[in-house]
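Participant: Please find one structure pasted underneath; my questions will follow.
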Amino acid sequence: MSTTKVRPARSPISRFVTPRPTGPRRGSTLLRHLLWVAVGAVAVYFVSYGIDPFRNYQLATVAAYLCVTAGLTMLTGLNGQLSLGHGALMACGAYTVALAQNEFSDRGVLGAWALPVSLALGVLVAALAGALIGVCAARLRGPYLAGVTLAVALVVPAFTTRFAGLFNADQGLSVYVDPAPAALGPYFPPERWQAWIAIGAAMLSLLIVANLVHSRYGRAFKAVRDDEVAAKLAGIHVARTQVLAFVVSAGCAGLGGGVLAVISQSVSPSVFGLTLSLNLLLAIVLGGLGSLFGAAWGALLLVLLPYLTTQVTRGLELSPGLANKLEGNLPLAIFGLTLIIVMLVAPGGIQDAFRALGRTVRRRF
Amino acid sequence: MERFIFLTFDGLSRGAVYAAFALALVLIWRAARVVNFAQGAMAVVTAYAAYMVSDAVGSYLVGFLVALVGGLLLGALVERGLMRFVGHANPLNDVIVALGLVLLLTAVVGIIFGGEFRAANQPFDTSAIEVGGVPLMSRYDLFIWGTVATIVVLLALLFTRTAVGLRMRAAAFAPEVSRLLGVNVGRMLTLGWALAAVVGAVAGVLILPTELGLHPHAMDIVFASSFAAAIVGGLDSPVGAVVGGIIVGLILSYVSGYLGAALTPVAVLAVLLAVLLLRPGGIFSGVRARTV
C-alpha cells in the first residue's frame, strides 16, 4: 500500500484558459460605452465648429462609412463571415431613405421627426434584406459565402433598372433633406448640420456594436468563428448566432447608406457597386479585423486617401485626359495594393500595429 | 418557337464560355483549395492586351496568341509572386488577397485605357446561319464551341494521359507524399495556376465581343455566372464545371430573352442560392462523410 500523495495533475485545459489579468472590470459596460459616446459627441461638437464646410462634409462622410465598417468588422472579424454584399445593403438603406424623404416632402409632412423615421425605415429594410441573406449565409462557408454575397453586390443595378419607375434606373433619385433647424440661427451651414446627423448615427451604431461585442452574444460570435463544433457543444445555436450577426451588421450598413444619401442628397446605383463593397472590406482589413477602432481608421482612410491622391494629381499638372483617368482609379489601385501588402505583411492591420507599439513602449519604460 | 430555338443556341454558346471559365476556377480549386476571385480581373487584363494587339497588328490570331501567352505569364506570376505567400491561418486570407488583386488590376486597366467601353471586334461576320429559315447561330458561335471543345479535350488529355498531368493530380491530392516521391509540388502549383489563367483568358477573349465590349468591369458578371456554373457542377468536378456552364448559360439566355437582360444578375443569384441551399456539393456530388 503506497502512501505517496498523488499531486493533482494540472488539467490540460488550463493551458488554453488564460487567467483573468486584473479581475473583472468595474462598472457597467453600457455606462462605460455611453461615457465614451458622450466624450466623442462633445469633441465632435467643438471640432465641427472649428472646421470649414468642406471638412464638415468630409467628416460626415467618414461618419457614414464608420456606421458600415463598425457592423462589417463585427461580422467578418468576430463572426468570420465575409460579406461582399454590404454595398448592396447600403443601397437598401439609401434608397429607402430617399423614397421616404421624398414621400414626406410630397405630402407636405415636415418636422424634426421625419428624418429619424426615414433613417429608421432604411435600417429596417436593410436589416430585413440582411436577415434574408443571413439565413442563406448561415449554411455557407468561406469562398461559397463570398461568391454569393458578390452576386448580391451585382444585383443592385439590375433592380434599379428593372423597377425604373420607382428607382429611376441609372440616374438615381435626388433626396429631399430639411434645412438645419431655425433655432440654430440663420447662418448655420448645412454641412455642419449634416455632420451632426452623421456623427449621431455613427455613435449610435458604434454604441450598439460595442455593447453587443462585449455581451454574451459577442462571445458567442467569437466561439462560432473559432470552432463551430466546439461552439455547438457549448450550447450555442450556431445558425442563429450567425444570422443575428448578419442582421445587426446589415442594419448598420442600412444606417450608413441612409446617412450617405442624406449627406450627398442623391442616390444612384453606380455609387453602390462592387467597388464600394471591396472598399469596405479593405477598410476593415486595413484598420484591423474585428476592432472597432480599426473600423474608424478604415472609414477615415476611405475618405482621406481619394482626397489626398486627387490633391497630388492636381498638383502634378497632368493632361486633362490622364488626370480624368487617374481621378477615380488611382485611389483604387492604391487601395488594392495596400490590401494585398497588409494581408501579406501585417494581417492585424493598423490597430494591431498600434497595440504592438504600445506594448513595446510599456516594456521599455 | 423560333425565339426559343435562337435563345437555346445563344445559351449554348454563352454556356460554353462559362464552362471554360468555370473550368479555370475548378482547376485552381483542385490544385490549391482556393477560389480565385481575381480570375475575372486577370481575364480583363489579357483581353485588353489581346484586342489592343490585334487592332494594332490587324490580325485576330496574333491577338489570340497574345491572350494565351499573357494568361500563362499572368497566372504564373500571380501564384509565384503573390498567392504562395498568403498565410493560411485564416481561410478568408486567400479570398481577401484575391479581391485586393481585383481592385488593383481593374484600377490599373482603368488608368491605362480609361473607363469607357471599347469595341471588341469579332473575327467573323455576325450574320446568322439559317437552317430551314430559322436563324440558329453565327459563325462566331461555332468558333466559340470549337475553341472550348479543344480546350476541354486538351485538358482531359493532359490530366489523364501525360506524366505532367499525373504529377499535377498527385501534387493536389497528396502534397507531402508526392514531395517524398520527387514531385516538385510548388512548380506543379504554379503550372496549375498558369493553365487556369490561360483557360480564363481564352474565355474572356471569347465572350467580350458578344457582350458590350471591353470595360475594366466587363468580367464581373461573367465571373459571378461562371462561379455559379462551377457551384452547379460542384467545385471539385471538371465535368461538372462544363455541364454547369451549359446549364447556367441556358438559364441566363432564357431569362435575358424572355424577362429582360437587366435581370441576369438576379438570375445568377437565384441559381447560386438554389444550388447551395438544396445541393451544396453540386449536382455531381456523391454522399460525403462528415468530418469533425
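Residues in the C-alpha cells are named by chain (A, B, ... in the order shown) and by number from 1 within that chain; ligands are numbered from 1 in the order shown.
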Please check the contacts: residues of chain A at most 7 Å away from chain B, using only C-alpha atoms, listed as a VMD selection string.

Facilitator: chain A and resid 142 to 143 148 151 to 152 154 to 155 158 161 to 162 325 to 326 329 to 330 332 to 333 336 to 337 339 to 340 343 to 344

Participant: Set the distance at 8 Å and use only C-alpha atoms: which residues neighbour B:Ala24 once local chain neighbours fewer than 5 positions away are removed? I'd like the list as a PyMOL selection string.

Facilitator: chain B and resi 195-197+199-200

Participant: Could the residues in this selection be saved with N, CA and C atoms as a PDB file, in the first residue's frame?

Facilitator:
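Once written, selection.pdb looks like this:
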```pdb
ATOM      1  N   LEU B 195      -2.076  27.392 -66.159  1.00  0.00           N
ATOM      2  CA  LEU B 195      -3.038  26.744 -67.060  1.00  0.00           C
ATOM      3  C   LEU B 195      -4.425  27.341 -66.868  1.00  0.00           C
ATOM      4  N   ALA B 196      -4.819  27.482 -65.595  1.00  0.00           N
ATOM      5  CA  ALA B 196      -6.147  28.030 -65.314  1.00  0.00           C
ATOM      6  C   ALA B 196      -6.270  29.440 -65.869  1.00  0.00           C
ATOM      7  N   ALA B 197      -5.204  30.241 -65.722  1.00  0.00           N
ATOM      8  CA  ALA B 197      -5.262  31.609 -66.223  1.00  0.00           C
ATOM      9  C   ALA B 197      -5.362  31.631 -67.741  1.00  0.00           C
ATOM     10  N   VAL B 199      -6.866  29.329 -69.588  1.00  0.00           N
ATOM     11  CA  VAL B 199      -8.252  28.980 -69.907  1.00  0.00           C
ATOM     12  C   VAL B 199      -9.172  30.180 -69.651  1.00  0.00           C
ATOM     13  N   GLY B 200      -8.945  30.870 -68.508  1.00  0.00           N
ATOM     14  CA  GLY B 200      -9.746  32.049 -68.202  1.00  0.00           C
ATOM     15  C   GLY B 200      -9.549  33.148 -69.233  1.00  0.00           C
TER      16      GLY B 200
END
```

Participant: Counting only C-alpha atoms, which residue out of B:Asp141, B:Glu79, B:Glu116, B:Asp55 sits closest to B:Phe6?

Facilitator: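 Answer, going by the shortest atom-to-atom distance: B:Asp141.
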
Participant: Considering only C-alpha atoms, can you say which of B:Val62, B:Arg30, B:Ala241, B:Val69 comes closest to B:Ala170?

Facilitator: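 Counting only C-alpha atoms, the residue closest to B:Ala170 is B:Arg30.
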
Participant: I'd like to know which of A:Leu30, A:Leu140, A:Ala100, A:Leu300 is closest to A:Ala120, using only C-alpha atoms.

Facilitator: A:Ala100

Participant: Could you check which of A:Leu357, A:Ile197, A:Leu281, A:Ala210 is closest to A:Ala64, using only C-alpha atoms?

Facilitator: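 Of A:Leu357, A:Ile197, A:Leu281, A:Ala210, the one nearest A:Ala64, counting only C-alpha atoms, is A:Ile197.
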
Participant: Rounded to one decimal place, report the atom CA of B:Leu73-atom CA of B:Ala41 distance in Å.

Facilitator: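 Computing the Euclidean distance for atom CA of B:Leu73 and atom CA of B:Ala41 yields 14.5 Å.
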
Participant: Neighbours of A:Leu121 within 10 Å (only C-alpha atoms; same-chain residues fewer than 5 positions away dropped), as an mmCIF file with N, CA and C atoms, in the first residue's frame?

Facilitator:
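Dumped to part.cif:
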```cif
data_model
loop_
_atom_site.group_PDB
_atom_site.id
_atom_site.type_symbol
_atom_site.label_atom_id
_atom_site.label_comp_id
_atom_site.auth_asym_id
_atom_site.auth_seq_id
_atom_site.Cartn_x
_atom_site.Cartn_y
_atom_site.Cartn_z
ATOM 1 N N GLY A 93 -30.647 50.782 -47.630
ATOM 2 C CA GLY A 93 -30.895 51.880 -46.708
ATOM 3 C C GLY A 93 -31.022 53.208 -47.432
ATOM 4 N N THR A 96 -34.265 53.489 -49.485
ATOM 5 C CA THR A 96 -35.427 53.625 -48.608
ATOM 6 C C THR A 96 -35.513 55.040 -48.050
ATOM 7 N N VAL A 97 -34.367 55.573 -47.594
ATOM 8 C CA VAL A 97 -34.365 56.936 -47.058
ATOM 9 C C VAL A 97 -34.776 57.927 -48.143
ATOM 10 N N ALA A 100 -38.549 57.586 -48.769
ATOM 11 C CA ALA A 100 -39.330 58.058 -47.622
ATOM 12 C C ALA A 100 -39.269 59.580 -47.521
ATOM 13 N N LEU A 115 -36.864 62.924 -40.553
ATOM 14 C CA LEU A 115 -35.593 62.294 -40.936
ATOM 15 C C LEU A 115 -35.288 61.046 -40.103
ATOM 16 N N PRO A 116 -35.417 61.117 -38.758
ATOM 17 C CA PRO A 116 -35.184 59.889 -37.989
ATOM 18 C C PRO A 116 -36.084 58.740 -38.413
ATOM 19 N N ALA A 126 -32.924 47.402 -44.644
ATOM 20 C CA ALA A 126 -31.620 46.759 -44.799
ATOM 21 C C ALA A 126 -31.505 45.546 -43.878
ATOM 22 N N ALA A 127 -32.051 45.665 -42.646
ATOM 23 C CA ALA A 127 -31.970 44.537 -41.712
ATOM 24 C C ALA A 127 -32.799 43.363 -42.221
ATOM 25 N N GLY A 254 -27.389 49.662 -43.454
ATOM 26 C CA GLY A 254 -28.530 50.442 -43.902
ATOM 27 C C GLY A 254 -28.484 51.853 -43.347
ATOM 28 N N LEU A 255 -28.108 51.965 -42.071
ATOM 29 C CA LEU A 255 -27.997 53.293 -41.448
ATOM 30 C C LEU A 255 -26.929 54.115 -42.171
ATOM 31 N N GLY A 258 -28.184 55.179 -45.553
ATOM 32 C CA GLY A 258 -29.171 56.248 -45.424
ATOM 33 C C GLY A 258 -28.508 57.584 -45.134
#
```

Participant: List every residue of stretch 124-292 of chain B that DSSP, applied to the backbone of this structure, assigns to strand (DSSP E), and report them as a list in words.

Facilitator: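 These are the residues in question: Ala128, Ile129, Glu130, Val131, Val134, Pro135, Leu136, Met137 and Ser138 of chain B.
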
Participant: What are the DSSP helix (DSSP H, G or I) residues of stretch 53-176 of chain B, as a VMD selection string?

Facilitator: chain B and resid 53 to 57 60 to 81 83 to 85 92 to 113 139 to 161 163 to 173 175 to 176

Participant: For a quick check of understanding, using only C-alpha atoms, which of A:Gly290, A:Tyr307, A:Thr313, A:Val37 has the smallest distance to A:Asp352?

Facilitator: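 Closest candidate: A:Gly290.
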
Participant: Enter the distance from atom CA of A:Gln58 to atom CA of A:Ile263, in Å, rounded to one decimal.

Facilitator: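 That distance, rounded to one decimal, is 9.7 Å.
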
Participant: Excluding stretch 183-186 of chain A and residues on its chain fewer than 6 positions from it, collect all residues at most 12 Å away from it, counting only C-alpha atoms, and give them as a list in words.

Facilitator: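 The neighbour list is Ala112, Arg192 and Trp193 of chain A.
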
Participant: Hey, can you check how far atom CA of B:Thr210 sits from atom CA of B:Leu27?

Facilitator: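 Atom-to-atom, atom CA of B:Thr210 and atom CA of B:Leu27 are spaced 25.1 Å apart.
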
Participant: Do a neighbour search on B:Trp145 at 9 Å with only C-alpha atoms, toss out local chain neighbours closer than 3 positions, and write the hits as a list in words.

Facilitator: Leu12, Ser13, Ala16, Val17, Tyr140, Asp141, Leu142, Val148, Ala149 and Thr150 of chain B

Participant: With C-alpha atoms retained, export the selected residues as a short mmCIF file (atom, residue, chain, number, x, y, z; two decimals), in the first residue's frame.

Facilitator:
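Written out: result18.cif:
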```
data_model
loop_
_atom_site.label_atom_id
_atom_site.label_comp_id
_atom_site.auth_asym_id
_atom_site.auth_seq_id
_atom_site.Cartn_x
_atom_site.Cartn_y
_atom_site.Cartn_z
CA LEU B 12 -25.29 27.10 -75.57
CA SER B 13 -22.53 29.39 -76.79
CA ALA B 16 -19.58 27.12 -73.50
CA VAL B 17 -17.68 30.23 -72.37
CA TYR B 140 -18.64 33.15 -84.18
CA ASP B 141 -20.77 30.77 -82.08
CA LEU B 142 -19.24 27.87 -83.99
CA VAL B 148 -13.95 25.46 -75.85
CA ALA B 149 -14.19 21.86 -77.04
CA THR B 150 -10.50 21.96 -77.96
#
```

Participant: Using only C-alpha atoms, which of the listed residues (A:Val47, A:Val262, A:Ile133, A:Leu124) sits closest to A:Pro179?

Facilitator: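 Nearest candidate to A:Pro179 out of A:Val47, A:Val262, A:Ile133, A:Leu124: A:Val262.
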